[in-house]
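Asks: Right, I'll just put the structure down here and ask away after.
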Amino acid sequence: MTLRDGPAPAALAAPGLSLILMLAALTALGQLATNIVVPSLDRIAADTGMEAASTGLILSAVLVGLALGQLVVGPLSDRIGRRPVLFLGLGLYVAAGLGAALASSGTLLLLARVAQGFGASAGLAMPRAIARDRWHGPHFLRMMAILTAAMSVMPGLAPIVGGVVTEAFGWRSSLGLAVVCGLAVTFGVLWLLPESHHDRAGRGGLPTILRDYGAVLRHPVFLGNAIASGAIIGGAYAEVAAAQPLLAREFGWSGLGVSLVTALYAAAFALACFMARVFGHRGRLRFACGFALLICSPALVLVAGAMGLTSPYPPIAAALLSQIGNGFLLPLMIGHALLPVGKIAGTASAALGALHMVIGAAGAGLVAALPLAPMLAMPATMLGFALVALIAIKLAGRRV
């Protein structure tokens with residue numbers, strides 16, 4: 001399958017507000033389902049008979065579904081269109097969400113959460129593919145900034161909303177709220193989102209799908225930007241994963257304090273996505289500023305930690321500066337990863353999303369695996385992923 005640049009010129013009209021909001025809502029849906037239960041994990045475990053040590057599975061179950069589902073929905077949408085795949089995914093999301101809200105055991109809950117993530121994967125992969133179907137150049141990169149911001153804000157916002165709803169009505173109501181949001185998004189797709197993919201990739205079976213994935217993964221611009229953006233996400237996951245052991249265990253912060261800090265991370269990232277417009281067409285300057293923040297902020301915290309400074313505020317400041325750097329770079333990297341693709345944008349979006357999930361999970365796990373105190377493990381992981389991103393983007397042969 002040949003990768004092609006750019007849709008037809010007629011597709012280059014600026015996106016309207018309703019379409020922007022619709023694609024942003026679809027993108028945020030999976031993160032909502034994943035993170036809305038964060039404040040109630042212990043209650044869920046107690047009510048469903050799960051061991052306290054396995055509560056993390058309630059979160060990772062959705063991530064597993066998201067990663068696997070994207071690999072299926074992407075190629076499928078290249079063959080039958082974006083809207084049918086969205087309706088299938090959203091239907092599964094709603095049905096599985098109801099199953100999770102009503103689950104009587106931990107096993108049923110986890111199975112429902114995996115299925116819910118599988119359904120939500122359509123909402124994560126399809127907006128990028130739809131944006132690539134419709135726009136090129138500045139319009140497309142602007143949409144990537146909006147969609148990336150929507151994806152990043154929800155992990156910070158969802159736990160706060162989930163905590164309020166859980167305190168008022170119980171943990172099952174928070175899962176029910178995710179179902180209601182899924183229904184609202186489904187009706188929005190029905191009314192506001194026309195089919196965008198008309199130049200279909202053809203039918204074909206598994207060999208054709210594998211050939212399409214091979215064509216995407218062999219493209220140096222796609223692969224370099226995909227790995228670089230994945231590494232940036234890995235560093236961001238490391239920051240969030242380190243918040244609990246660093247702030248709560250070492251410095252005695254409350255759960256609300258930890259949640260507010262991680263929400264601040266998401267806000268800094270989203271703000272930077274929109275602030276990045278001040279760079280205009282000065283891509284080299286945006287590139288330099290983004291990587292300077294990603295590399296220098298954790299390096300300074302490592303120096304402070306090595307000198308014996310014990311305070312939560314330097315790592316928090318480093319994470320916030322790093323998130324600003326992420327906001328400068330990530331939309332561009334995702335956009336440039338997808339720019340070379342033609343009628344297999346769904347496959348490319350799926351491969352990109354799966355890489356992000358795998359590398360992001362590695363970032364979250366690496367913080368706990370390193371034989372270092374959280375004060376050092378977090379910046380060390382951040383710095384390592386920033387260097388991987390820099391090397392990958394250089395090897396891509398095309399600067400953001």
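Residues in the structure tokens are named by chain (A, B, ... in the order shown) and by number from 1 within that chain; ligands are numbered from 1 in the order shown.
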What lies within 8 Å of Leu192 of chain A using only C-alpha atoms, ignoring chain neighbours under 6 positions off, as a list in words?
Replies: Ser18, Leu19 and Met22 of chain A
Asks: When you look at segment 283-289 of chain A with a cut-off of 10 Å (counting only C-alpha atoms), what residues show up, excluding the ones that are within fewer than 6 positions of it in the same chain? I need them as JSON, numbers by chain.
Replies: {"A": [276, 277, 324, 325, 328, 329, 332, 390, 399, 400]}
Asks: Of the candidates A:Ile232, A:Ala267, A:Ala100, A:Val164, which shows the shortest atom-to-atom distance to Arg113 of chain A, using only C-alpha atoms?
Replies: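 With only C-alpha atoms as the atom set, the closest residue is A:Ala100.
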Asks: Any idea what the distance is between atom CA of Leu193 of chain A and atom CA of Ile334 of chain A?
Replies: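 About the pair atom CA of Leu193 of chain A and atom CA of Ile334 of chain A: they are 22.2 Å apart.
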